[in-house]
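Asker: Hey, dropping entry-v7.cif in here, mmCIF, C-alpha atoms:
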```
data_data
loop_
_atom_site.label_atom_id
_atom_site.label_comp_id
_atom_site.auth_asym_id
_atom_site.auth_seq_id
_atom_site.Cartn_x
_atom_site.Cartn_y
_atom_site.Cartn_z
CA MET G 1075 126.00 127.63 3.02
CA ASP G 1076 124.01 127.67 6.27
CA PHE G 1077 125.33 125.63 9.20
CA SER G 1078 122.64 126.72 11.65
CA LEU G 1079 119.84 124.49 12.89
CA SER G 1080 116.28 125.17 11.86
CA GLU G 1081 113.84 126.27 14.54
CA GLU G 1082 112.28 122.80 14.53
CA GLU G 1083 115.65 121.02 14.76
CA GLN G 1084 116.74 123.20 17.65
CA SER G 1085 113.43 122.74 19.47
CA VAL G 1086 113.49 118.95 19.14
CA ARG G 1087 117.16 118.72 20.13
CA ASP G 1088 116.60 120.95 23.18
CA TRP G 1089 113.70 118.80 24.36
CA VAL G 1090 115.82 115.67 24.18
CA ARG G 1091 118.73 117.44 25.91
CA THR G 1092 116.40 118.40 28.77
CA PHE G 1093 114.94 114.88 28.92
CA VAL G 1094 118.42 113.36 29.17
CA ARG G 1095 119.45 115.81 31.88
CA LYS G 1096 116.30 115.47 33.99
CA GLU G 1097 115.23 111.86 33.47
CA ILE G 1098 118.25 109.81 32.40
CA GLN G 1099 121.38 111.29 33.99
CA PRO G 1100 119.90 111.10 37.53
CA LEU G 1101 119.79 107.30 37.07
CA GLU G 1102 123.53 107.01 36.40
CA GLN G 1103 124.72 106.33 39.94
CA GLU G 1104 122.09 103.64 40.43
CA VAL G 1105 123.04 102.11 37.08
CA LEU G 1106 126.72 102.05 38.12
CA ARG G 1107 125.78 100.48 41.44
CA ARG G 1108 123.76 97.75 39.74
CA GLU G 1109 126.48 97.05 37.21
CA ARG G 1110 129.06 96.69 39.97
CA ALA G 1111 126.72 94.03 41.40
CA ASN G 1112 126.68 92.26 37.99
CA GLN G 1113 123.10 93.27 37.29
CA PRO G 1114 121.65 94.95 34.20
CA GLY G 1115 122.07 98.68 34.62
CA LEU G 1116 118.59 99.56 33.43
CA THR G 1117 115.79 97.10 34.09
CA HIS G 1118 113.17 96.53 31.41
CA ASP G 1119 110.46 98.09 33.61
CA VAL G 1120 112.46 101.28 34.12
CA LEU G 1121 113.23 101.45 30.39
CA VAL G 1122 109.54 101.15 29.52
CA GLU G 1123 108.68 103.82 32.11
CA LEU G 1124 111.17 106.22 30.53
CA GLN G 1125 109.87 105.43 27.07
CA ASP G 1126 106.31 106.10 28.21
CA LYS G 1127 107.36 109.50 29.61
CA ALA G 1128 108.91 110.38 26.27
CA LYS G 1129 105.85 109.08 24.41
CA ALA G 1130 103.60 111.36 26.45
CA SER G 1131 105.51 114.28 24.92
CA GLY G 1132 105.23 112.88 21.40
CA PHE G 1133 108.63 111.18 21.20
CA TRP G 1134 107.82 107.70 19.91
CA GLY G 1135 109.31 105.85 16.98
CA VAL G 1136 111.80 108.58 16.13
CA GLN G 1137 112.67 107.10 12.72
CA THR G 1138 109.52 105.02 12.35
CA PRO G 1139 107.37 106.11 9.39
CA GLU G 1140 104.36 108.21 10.33
CA GLU G 1141 102.01 105.63 8.81
CA TYR G 1142 103.04 103.30 11.64
CA GLY G 1143 102.57 105.93 14.33
CA GLY G 1144 106.17 107.17 14.43
CA MET G 1145 107.72 110.61 14.07
CA GLY G 1146 109.35 109.83 10.74
CA LEU G 1147 112.34 112.06 11.43
CA GLY G 1148 115.11 112.35 8.88
CA ALA G 1149 118.74 111.36 9.28
CA VAL G 1150 120.09 114.75 10.39
CA MET G 1151 117.44 115.13 13.07
CA SER G 1152 117.99 111.54 14.18
CA ALA G 1153 121.75 112.13 14.44
CA LEU G 1154 121.17 115.22 16.59
CA LEU G 1155 118.92 113.22 18.92
CA GLU G 1156 121.36 110.30 19.10
CA ALA G 1157 124.16 112.67 20.09
CA GLU G 1158 122.04 113.98 22.94
CA LEU G 1159 121.25 110.44 24.14
CA GLY G 1160 124.98 109.73 23.99
CA ARG G 1161 125.58 112.30 26.72
CA SER G 1162 124.67 109.56 29.18
CA PHE G 1163 126.06 106.02 29.28
CA VAL G 1164 122.63 104.76 30.34
CA GLN G 1165 121.45 102.62 27.42
CA PHE G 1166 118.17 104.32 26.58
CA ARG G 1167 116.43 104.59 23.23
CA PHE G 1168 112.98 105.84 22.36
CA GLY G 1169 110.23 103.26 22.02
CA GLY G 1170 108.32 102.47 18.86
CA TYR G 1171 111.37 101.20 17.00
CA ALA G 1172 111.78 98.16 14.77
CA ASP G 1173 114.66 96.98 12.59
CA ASN G 1174 114.37 98.48 9.12
CA ILE G 1175 114.17 95.15 7.31
CA LEU G 1176 111.00 94.22 9.22
CA TYR G 1177 109.18 96.67 6.98
CA TYR G 1178 109.78 94.19 4.15
CA ALA G 1179 107.45 91.75 5.92
CA ASN G 1180 104.19 90.75 4.25
CA ASP G 1181 100.87 91.80 5.77
CA GLU G 1182 100.50 88.69 7.92
CA GLN G 1183 104.08 88.95 9.19
CA LYS G 1184 103.59 92.62 10.01
CA GLN G 1185 100.71 91.68 12.27
CA ARG G 1186 102.79 89.00 14.03
CA TYR G 1187 106.16 90.72 14.20
CA LEU G 1188 106.41 94.34 13.05
CA LEU G 1189 103.44 95.92 14.81
CA PRO G 1190 103.98 94.12 18.16
CA THR G 1191 107.65 95.20 18.03
CA LEU G 1192 106.70 98.83 17.41
CA SER G 1193 104.26 98.72 20.34
CA GLY G 1194 106.87 97.18 22.63
CA GLU G 1195 105.03 93.87 23.05
CA ARG G 1196 107.78 91.91 21.27
CA ARG G 1197 111.57 92.14 21.13
CA SER G 1198 113.72 91.11 18.20
CA CYS G 1199 117.37 90.62 17.29
CA PHE G 1200 119.33 90.52 14.04
CA ALA G 1201 121.39 87.34 13.64
CA ILE G 1202 123.99 87.11 10.88
CA THR G 1203 127.41 87.11 12.62
CA GLU G 1204 128.96 83.68 13.23
CA PRO G 1205 132.15 82.40 14.88
CA GLY G 1206 133.74 82.14 11.42
CA ALA G 1207 131.83 84.93 9.71
CA GLY G 1208 132.23 88.32 11.32
CA SER G 1209 133.29 91.07 8.95
CA ASP G 1210 132.97 88.59 6.07
CA ALA G 1211 129.20 88.15 6.14
CA ARG G 1212 129.40 86.10 2.92
CA ALA G 1213 131.09 83.29 4.85
CA ILE G 1214 128.05 82.33 6.94
CA ARG G 1215 127.58 78.59 7.47
CA THR G 1216 124.25 78.37 9.27
CA SER G 1217 122.08 76.29 6.96
CA ALA G 1218 118.41 75.81 6.23
CA ARG G 1219 117.17 72.78 4.28
CA GLN G 1220 113.68 72.36 2.98
CA ASP G 1221 111.52 69.60 4.42
CA GLY G 1222 108.12 69.65 2.78
CA THR G 1223 106.66 73.09 3.40
CA ASP G 1224 109.00 73.69 6.36
CA TRP G 1225 112.68 74.61 6.66
CA ILE G 1226 115.10 73.03 9.15
CA ILE G 1227 117.73 75.44 10.49
CA ASN G 1228 121.08 74.37 11.97
CA GLY G 1229 124.00 76.52 13.03
CA GLU G 1230 125.27 79.08 15.52
CA LYS G 1231 125.28 82.85 15.56
CA THR G 1232 127.49 84.91 17.86
CA PHE G 1233 127.80 88.43 19.30
CA ILE G 1234 124.09 89.04 18.73
CA THR G 1235 122.95 92.29 20.34
CA GLY G 1236 119.71 91.79 22.25
CA GLY G 1237 119.84 88.05 21.67
CA ASN G 1238 119.39 87.23 25.35
CA GLU G 1239 116.21 89.29 25.61
CA ALA G 1240 114.62 88.73 22.19
CA ASP G 1241 111.57 86.50 21.75
CA PHE G 1242 112.14 86.27 17.99
CA THR G 1243 115.08 86.67 15.66
CA MET G 1244 115.77 87.52 12.03
CA VAL G 1245 118.26 84.78 11.24
CA PHE G 1246 120.18 84.41 7.99
CA ALA G 1247 120.88 80.91 6.70
CA VAL G 1248 122.33 79.37 3.56
CA THR G 1249 119.58 77.75 1.49
CA ASP G 1250 121.69 77.14 -1.62
CA LYS G 1251 125.39 76.41 -1.06
CA GLU G 1252 126.30 76.78 -4.71
CA LYS G 1253 124.87 80.30 -4.96
CA GLY G 1254 125.97 81.39 -1.48
CA ALA G 1255 125.57 85.14 -0.94
CA ASN G 1256 124.61 85.56 -4.61
CA GLY G 1257 121.08 84.25 -4.28
CA GLY G 1258 121.58 81.43 -1.80
CA VAL G 1259 120.96 83.10 1.58
CA THR G 1260 117.49 83.46 3.09
CA CYS G 1261 116.21 85.41 6.10
CA PHE G 1262 113.82 83.64 8.49
CA LEU G 1263 111.66 85.06 11.27
CA VAL G 1264 112.07 82.53 14.08
CA ASP G 1265 110.29 82.66 17.42
CA ARG G 1266 112.25 81.56 20.47
CA ASP G 1267 109.60 78.99 21.31
CA GLN G 1268 110.30 77.31 17.96
CA GLY G 1269 113.45 75.89 19.51
CA TRP G 1270 116.50 78.14 19.35
CA ARG G 1271 118.33 79.07 22.53
CA SER G 1272 120.61 81.92 23.55
CA GLU G 1273 123.80 81.79 25.60
CA TYR G 1274 125.21 84.85 27.33
CA ILE G 1275 128.65 86.06 26.16
CA ASP G 1276 130.67 87.80 28.86
CA THR G 1277 132.54 90.85 27.49
CA MET G 1278 134.51 93.80 28.83
CA GLY G 1279 131.28 95.78 28.52
CA GLU G 1280 128.62 95.81 31.22
CA TRP G 1281 125.97 93.69 29.56
CA GLY G 1282 126.92 91.14 26.96
CA PRO G 1283 125.56 89.94 23.64
CA ALA G 1284 124.44 86.39 22.96
CA ALA G 1285 125.28 83.28 21.01
CA LEU G 1286 122.21 81.80 19.33
CA VAL G 1287 122.13 78.06 18.81
CA PHE G 1288 119.88 76.38 16.21
CA GLU G 1289 119.59 72.61 16.33
CA ASP G 1290 117.05 71.24 13.88
CA VAL G 1291 114.79 74.25 14.40
CA ARG G 1292 111.71 73.77 12.23
CA VAL G 1293 110.26 76.90 10.64
CA PRO G 1294 107.25 77.08 8.29
CA LYS G 1295 107.71 78.68 4.88
CA GLU G 1296 105.39 81.49 6.03
CA ASN G 1297 108.25 82.72 8.22
CA ILE G 1298 110.53 83.63 5.33
CA LEU G 1299 111.19 87.38 5.35
CA GLY G 1300 111.26 88.64 1.78
CA GLU G 1301 112.08 86.00 -0.81
CA VAL G 1302 114.01 82.74 -0.76
CA GLY G 1303 117.62 83.45 -1.69
CA ARG G 1304 117.34 87.23 -1.28
CA GLY G 1305 118.37 87.35 2.36
CA PHE G 1306 121.86 88.74 1.81
CA GLU G 1307 120.37 91.83 0.20
CA LEU G 1308 118.23 92.36 3.30
CA ALA G 1309 121.26 91.88 5.52
CA MET G 1310 123.18 94.60 3.67
CA LYS G 1311 120.20 96.95 4.01
CA TRP G 1312 120.27 96.36 7.78
CA ILE G 1313 124.03 96.81 8.09
CA GLY G 1314 124.01 99.99 6.01
CA ARG G 1315 120.88 101.46 7.58
CA GLY G 1316 122.69 104.16 9.52
CA ARG G 1317 126.35 103.79 10.45
CA TYR G 1318 126.37 107.53 11.13
CA MET G 1319 124.26 106.85 14.24
CA LEU G 1320 127.14 105.08 15.99
CA PRO G 1321 129.61 107.99 15.85
CA ALA G 1322 126.66 110.31 16.58
CA ARG G 1323 126.17 108.65 19.95
CA ALA G 1324 129.94 108.69 20.53
CA LEU G 1325 129.90 112.42 19.78
CA GLY G 1326 127.54 113.04 22.68
CA ALA G 1327 129.66 110.88 24.98
CA CYS G 1328 132.81 112.80 24.04
CA GLU G 1329 131.14 116.15 24.69
CA ARG G 1330 130.04 115.02 28.16
CA LEU G 1331 133.41 113.46 28.95
CA VAL G 1332 135.35 116.59 28.04
CA GLU G 1333 132.92 118.69 30.09
CA MET G 1334 133.74 116.43 33.05
CA ALA G 1335 137.46 116.82 32.33
CA VAL G 1336 137.17 120.62 32.23
CA GLU G 1337 135.32 120.70 35.53
CA HIS G 1338 137.86 118.40 37.17
CA ALA G 1339 140.83 120.33 35.76
CA ASN G 1340 139.48 123.60 37.14
CA THR G 1341 138.87 122.20 40.63
CA ARG G 1342 141.72 119.71 41.12
CA VAL G 1343 144.62 121.54 42.79
CA THR G 1344 148.21 120.28 42.79
CA PHE G 1345 151.28 122.17 43.91
CA GLY G 1346 149.13 125.15 44.80
CA GLU G 1347 147.18 125.66 41.56
CA PRO G 1348 144.51 123.98 39.42
CA ILE G 1349 145.80 121.40 36.99
CA ALA G 1350 143.97 123.39 34.31
CA ASN G 1351 146.99 125.71 34.40
CA ARG G 1352 149.29 122.90 33.25
CA GLN G 1353 150.16 122.94 29.57
CA ALA G 1354 149.88 119.15 29.34
CA ILE G 1355 146.23 119.33 30.45
CA GLN G 1356 145.49 122.29 28.19
CA TRP G 1357 146.78 120.44 25.15
CA MET G 1358 144.60 117.41 25.94
CA ILE G 1359 141.54 119.67 26.15
CA ALA G 1360 142.49 121.53 22.96
CA ASP G 1361 143.08 118.37 20.92
CA SER G 1362 139.80 116.90 22.14
CA ALA G 1363 137.85 120.06 21.28
CA VAL G 1364 139.22 120.06 17.71
CA GLU G 1365 138.43 116.38 17.21
CA ILE G 1366 134.92 116.72 18.60
CA GLU G 1367 134.20 119.58 16.21
CA ALA G 1368 135.53 117.58 13.26
CA LEU G 1369 133.47 114.53 14.29
CA ARG G 1370 130.34 116.65 14.61
CA TRP G 1371 130.52 117.78 11.00
CA LEU G 1372 131.48 114.36 9.67
CA VAL G 1373 128.41 112.88 11.34
CA LEU G 1374 126.04 115.62 10.23
CA HIS G 1375 127.40 115.57 6.69
CA ALA G 1376 126.90 111.80 6.44
CA ALA G 1377 123.35 112.19 7.77
CA TRP G 1378 122.71 115.03 5.29
CA VAL G 1379 123.77 112.81 2.37
CA VAL G 1380 121.34 110.16 3.62
CA ASP G 1381 118.53 112.73 3.70
CA GLN G 1382 119.40 113.82 0.17
CA GLY G 1383 118.96 110.25 -1.03
CA GLY G 1384 122.56 110.00 -2.25
CA ASP G 1385 124.98 107.10 -1.93
CA SER G 1386 126.12 107.66 1.64
CA ARG G 1387 128.25 104.55 2.18
CA HIS G 1388 131.57 106.36 1.69
CA VAL G 1389 130.83 109.30 4.00
CA GLN G 1390 129.29 107.02 6.61
CA SER G 1391 132.44 104.89 6.63
CA ILE G 1392 134.55 108.01 7.13
CA ALA G 1393 132.39 109.14 10.05
CA LYS G 1394 132.39 105.65 11.60
CA LEU G 1395 136.18 105.25 11.31
CA TYR G 1396 137.02 108.72 12.62
CA GLY G 1397 134.41 108.55 15.37
CA GLY G 1398 135.62 105.21 16.70
CA GLN G 1399 139.26 106.22 16.77
CA LYS G 1400 138.83 109.70 18.20
CA ALA G 1401 136.27 108.67 20.80
CA ASN G 1402 138.78 106.17 22.16
CA GLU G 1403 141.56 108.76 22.20
CA ILE G 1404 139.36 111.33 23.92
CA VAL G 1405 138.09 109.02 26.66
CA ASP G 1406 141.69 107.95 27.29
CA ARG G 1407 142.72 111.58 27.79
CA VAL G 1408 139.76 112.23 30.07
CA LEU G 1409 140.67 109.22 32.20
CA GLN G 1410 144.26 110.49 32.38
CA ILE G 1411 143.10 113.94 33.48
CA HIS G 1412 141.07 112.38 36.28
CA GLY G 1413 144.06 110.34 37.42
CA GLY G 1414 143.39 107.51 39.85
CA MET G 1415 139.72 108.41 40.27
CA GLY G 1416 139.19 108.03 36.54
CA TYR G 1417 140.39 104.44 36.83
CA THR G 1418 137.88 103.57 39.56
CA ARG G 1419 134.32 102.37 39.04
CA GLU G 1420 133.01 105.22 41.18
CA LEU G 1421 133.04 107.49 38.12
CA PRO G 1422 131.59 106.61 34.71
CA VAL G 1423 134.85 107.38 32.88
CA GLU G 1424 136.24 103.83 32.95
CA ARG G 1425 132.78 102.54 32.05
CA TRP G 1426 132.73 104.75 28.94
CA TYR G 1427 136.33 103.70 28.26
CA ARG G 1428 135.20 100.08 27.88
CA GLU G 1429 131.98 100.89 26.05
CA LEU G 1430 133.56 103.16 23.43
CA ARG G 1431 136.17 100.52 22.58
CA LEU G 1432 133.41 98.50 20.96
CA LEU G 1433 132.81 101.29 18.43
CA ARG G 1434 135.96 100.25 16.59
CA ILE G 1435 134.70 96.69 16.15
CA TYR G 1436 130.96 96.26 15.66
CA GLU G 1437 128.97 97.10 12.53
CA GLY G 1438 132.19 97.25 10.54
CA THR G 1439 135.67 97.25 12.10
CA ASP G 1440 138.17 100.06 11.55
CA GLU G 1441 139.89 97.84 9.04
CA ILE G 1442 136.68 97.26 7.06
CA GLN G 1443 136.00 101.01 6.99
CA ARG G 1444 139.52 101.69 5.74
CA ARG G 1445 139.09 99.07 3.05
CA THR G 1446 135.81 100.63 1.95
CA ILE G 1447 137.21 104.16 1.89
CA ALA G 1448 140.39 103.15 0.06
CA ARG G 1449 138.55 101.07 -2.56
CA ASN G 1450 136.11 103.88 -3.28
CA ILE G 1451 138.94 106.33 -3.88
CA LEU G 1452 141.23 103.96 -5.79
CA LYS G 1453 138.41 102.84 -8.09
CA GLY G 1454 137.11 106.35 -8.65
CA HIS G 1455 133.78 105.84 -6.88
CA ALA G 1456 134.61 108.74 -4.54
CA SER G 1457 136.78 111.80 -4.84
CA ILE G 1458 139.42 112.91 -2.38
CA SER G 1459 137.97 116.38 -2.93
CA GLY G 1460 134.79 115.26 -1.22
CA THR G 1461 131.32 116.67 -1.76
CA LEU G 1462 132.54 120.04 -3.06
CA GLY G 1463 134.48 118.34 -5.88
#
```
How does this structure look as structure tokens?
Answerer:
Amino acid sequence: MDFSLSEEEQSVRDWVRTFVRKEIQPLEQEVLRRERANQPGLTHDVLVELQDKAKASGFWGVQTPEEYGGMGLGAVMSALLEAELGRSFVQFRFGGYADNILYYANDEQKQRYLLPTLSGERRSCFAITEPGAGSDARAIRTSARQDGTDWIINGEKTFITGGNEADFTMVFAVTDKEKGANGGVTCFLVDRDQGWRSEYIDTMGEWGPAALVFEDVRVPKENILGEVGRGFELAMKWIGRGRYMLPARALGACERLVEMAVEHANTRVTFGEPIANRQAIQWMIADSAVEIEALRWLVLHAAWVVDQGGDSRHVQSIAKLYGGQKANEIVDRVLQIHGGMGYTRELPVERWYRELRLLRIYEGTDEIQRRTIARNILKGHASISGTLG
């Protein structure tokens, strides 16, 4: 059993670590300043400039298949890279990325949607969540009725990441009420100029998601992604594409946060000595170190199962649940160690505090992960003994 990284894995990870330290972290104070002024932390132009710098070194389309000009990296390597990106709160991701279900597009749709998205010319969003259908994706009410060769879409989606910036969306609508999720949901590719609008949703985070409103939006049949009635299957492929990536990014954040806490504890003096000498502080650091190590292996194990082609849903749920909970506990300790300064917006600690809270909600709440894990064990689909049996 070898837990060491290969030479290639270490080389790729080290490049990304250096890129984050030299190109992304220096932007943090400016990002904080802009966010305090209620502006997007990273403008689109700056994001593209960073992506171009990475592309010049060969980092483009990290998980995009090589046939589309990407790197085609596996899950473990992708998790290692995501953890490194997580060491900064600046929302950066490598260019050349498209949602996995776009690869199910036909040749004509690939020319209109997939390829322009990979090149950065177009921006998309995934729209399934509704005001009455969050964790229960089967309860969606947005409808699409056929009118000749077109479909008319009506309904509202909510909490759509990237919905304010996207120029097209992959929207899921009920096309057969009687069948519902069992053959009655269809995915449509809908351009913004076809009539849908987005409304900004203000959240405790720095830059909010969107509500998408569809009022008699007419879409030609050529815009159906996949097959009529098979949309729910596509939605589940999107949702399950890589839950391990969320706790992977949180892992990087926790590492950076605890490093900040250690530095502060060693330099902050009270009653004549550093607070690092206080047992209360030492226990916070110790607990955080143990939890970070456990999270690291949960994430990498889940990614490894993905690479092996196994059923990874159980292990990904474990990593997602543990990562969300422990990341919130760790950032809370780090804020406590920093005292009053941790509570201010001069440091990124309170910013991370708000951002990491979302990890326990989106792409499957803690409660959904617990339900998944418990059902798998109770029904015998997974063993409490884990991979080793």
Asker: Do you know which residues the PyMOL selection byres ((chain G and resi 1141-1157) around 7) returns on this file, as a list in words?
Answerer: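 Applying the PyMOL selection byres ((chain G and resi 1141-1157) around 7) to the structure shown produces Glu1083, Arg1087, Val1090, Trp1134, Gly1135, Val1136, Gln1137, Thr1138, Pro1139, Glu1140, Glu1158, Leu1159, Gly1160, Arg1161, Gly1170, Met1319, Ala1322, Arg1323, Leu1325, Gly1326, Leu1374, Ala1377, Trp1378, Val1380 and Asp1381 of chain G.
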Asker: Just write the chosen residues, C-alpha atoms, as a compact mmCIF listing (two decimals), in the coordinates of the input.
Answerer:
```txt
# COMPACT_ATOMS: atom_id res chain seq x y z
CA GLU G 1083 115.65 121.02 14.76
CA ARG G 1087 117.16 118.72 20.13
CA VAL G 1090 115.82 115.67 24.18
CA TRP G 1134 107.82 107.70 19.91
CA GLY G 1135 109.31 105.85 16.98
CA VAL G 1136 111.80 108.58 16.13
CA GLN G 1137 112.67 107.10 12.72
CA THR G 1138 109.52 105.02 12.35
CA PRO G 1139 107.37 106.11 9.39
CA GLU G 1140 104.36 108.21 10.33
CA GLU G 1158 122.04 113.98 22.94
CA LEU G 1159 121.25 110.44 24.14
CA GLY G 1160 124.98 109.73 23.99
CA ARG G 1161 125.58 112.30 26.72
CA GLY G 1170 108.32 102.47 18.86
CA MET G 1319 124.26 106.85 14.24
CA ALA G 1322 126.66 110.31 16.58
CA ARG G 1323 126.17 108.65 19.95
CA LEU G 1325 129.90 112.42 19.78
CA GLY G 1326 127.54 113.04 22.68
CA LEU G 1374 126.04 115.62 10.23
CA ALA G 1377 123.35 112.19 7.77
CA TRP G 1378 122.71 115.03 5.29
CA VAL G 1380 121.34 110.16 3.62
CA ASP G 1381 118.53 112.73 3.70
```
Asker: Considering only C-alpha atoms, state which residue in the set G:Ala1284, G:Ala1448, G:Ala1393, G:Ala1456 is at the smallest distance from Phe1233 of chain G.
Answerer: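 Under the stated criterion, the closest residue is G:Ala1284.
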Asker: Return as a list in words the set of residues that the PyMOL selection byres ((chain G and resi 1262-1275) around 6) yields on the displayed structure.
Answerer: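 So the PyMOL selection byres ((chain G and resi 1262-1275) around 6) ends up selecting Asn1238, Asp1241, Phe1242, Thr1243, Met1244, Val1245, Cys1261, Asp1276, Gly1282, Pro1283, Ala1284, Ala1285, Leu1286, Val1287, Phe1288, Val1291, Asn1297, Ile1298 and Leu1299 of chain G.
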Asker: Suppose a student applies the PyMOL selection byres ((chain G and resi 1186) around 12) to this structure; what residues should they get, written as a JSON list (two decimals) with C-alpha atoms, keeping the file's coordinate frame?
Answerer:
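Listing of out14.json after writing:
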```json
[["chain", "number", "residue", "atom", "x", "y", "z"],
["G", 1176, "LEU", "CA", 111.00, 94.22, 9.22],
["G", 1179, "ALA", "CA", 107.45, 91.75, 5.92],
["G", 1180, "ASN", "CA", 104.19, 90.75, 4.25],
["G", 1181, "ASP", "CA", 100.87, 91.80, 5.77],
["G", 1182, "GLU", "CA", 100.50, 88.69, 7.92],
["G", 1183, "GLN", "CA", 104.08, 88.95, 9.19],
["G", 1184, "LYS", "CA", 103.59, 92.62, 10.01],
["G", 1185, "GLN", "CA", 100.71, 91.68, 12.27],
["G", 1187, "TYR", "CA", 106.16, 90.72, 14.20],
["G", 1188, "LEU", "CA", 106.41, 94.34, 13.05],
["G", 1189, "LEU", "CA", 103.44, 95.92, 14.81],
["G", 1190, "PRO", "CA", 103.98, 94.12, 18.16],
["G", 1191, "THR", "CA", 107.65, 95.20, 18.03],
["G", 1192, "LEU", "CA", 106.70, 98.83, 17.41],
["G", 1193, "SER", "CA", 104.26, 98.72, 20.34],
["G", 1195, "GLU", "CA", 105.03, 93.87, 23.05],
["G", 1196, "ARG", "CA", 107.78, 91.91, 21.27],
["G", 1197, "ARG", "CA", 111.57, 92.14, 21.13],
["G", 1198, "SER", "CA", 113.72, 91.11, 18.20],
["G", 1241, "ASP", "CA", 111.57, 86.50, 21.75],
["G", 1242, "PHE", "CA", 112.14, 86.27, 17.99],
["G", 1263, "LEU", "CA", 111.66, 85.06, 11.27],
["G", 1264, "VAL", "CA", 112.07, 82.53, 14.08],
["G", 1265, "ASP", "CA", 110.29, 82.66, 17.42],
["G", 1296, "GLU", "CA", 105.39, 81.49, 6.03],
["G", 1297, "ASN", "CA", 108.25, 82.72, 8.22]]
```
Asker: Tell me, in Å to one decimal, how far atom CA of Asp1221 of chain G is from atom CA of Glu1301 of chain G.
Answerer: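 According to the coordinates, atom CA of Asp1221 of chain G and atom CA of Glu1301 of chain G are separated by 17.2 Å.
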Asker: Any idea what's packed within 8 Å of Ala1350 of chain G, counting all atoms listed in the file, ignoring anything in its chain fewer than 2 positions away? Could you give it as JSON, numbers by chain?
Answerer: {"G": [1336, 1339, 1340, 1348, 1352, 1353, 1355, 1356]}
Asker: Would you tabulate, counting only C-alpha atoms, all residues of segment 1304-1370 of chain G that have an atom at most 6 Å from an atom of segment 1256-1259 of chain G, showing the closest pair of atoms and their distance in Å to one decimal, sorted by chain then ascending number, as a Markdown table?
Answerer:
```
| residue | atom | partner | partner_atom | distance |
| --- | --- | --- | --- | --- |
| G:Arg1304 | CA | G:Gly1257 | CA | 5.6 |
| G:Gly1305 | CA | G:Val1259 | CA | 5.0 |
| G:Phe1306 | CA | G:Val1259 | CA | 5.7 |
```
Asker: Looking at G:Pro1422, G:Gly1398, G:Gly1383, G:Gly1460, which one is nearest to Thr1439 of chain G, with distances taken over only C-alpha atoms?
Answerer: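 Nearest candidate to Thr1439 of chain G out of G:Pro1422, G:Gly1398, G:Gly1383, G:Gly1460: G:Gly1398.
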Asker: Find the spatial neighbours of Leu1432 of chain G, counting all atoms listed in the file, within a cut-off of 12 Å - ignore same-chain residues fewer than 5 positions away - and output them as a PyMOL selection string.
Answerer: chain G and resi 1233+1277-1280+1282-1283+1320-1321+1324+1394+1397-1399+1401-1402+1425-1427+1437-1440
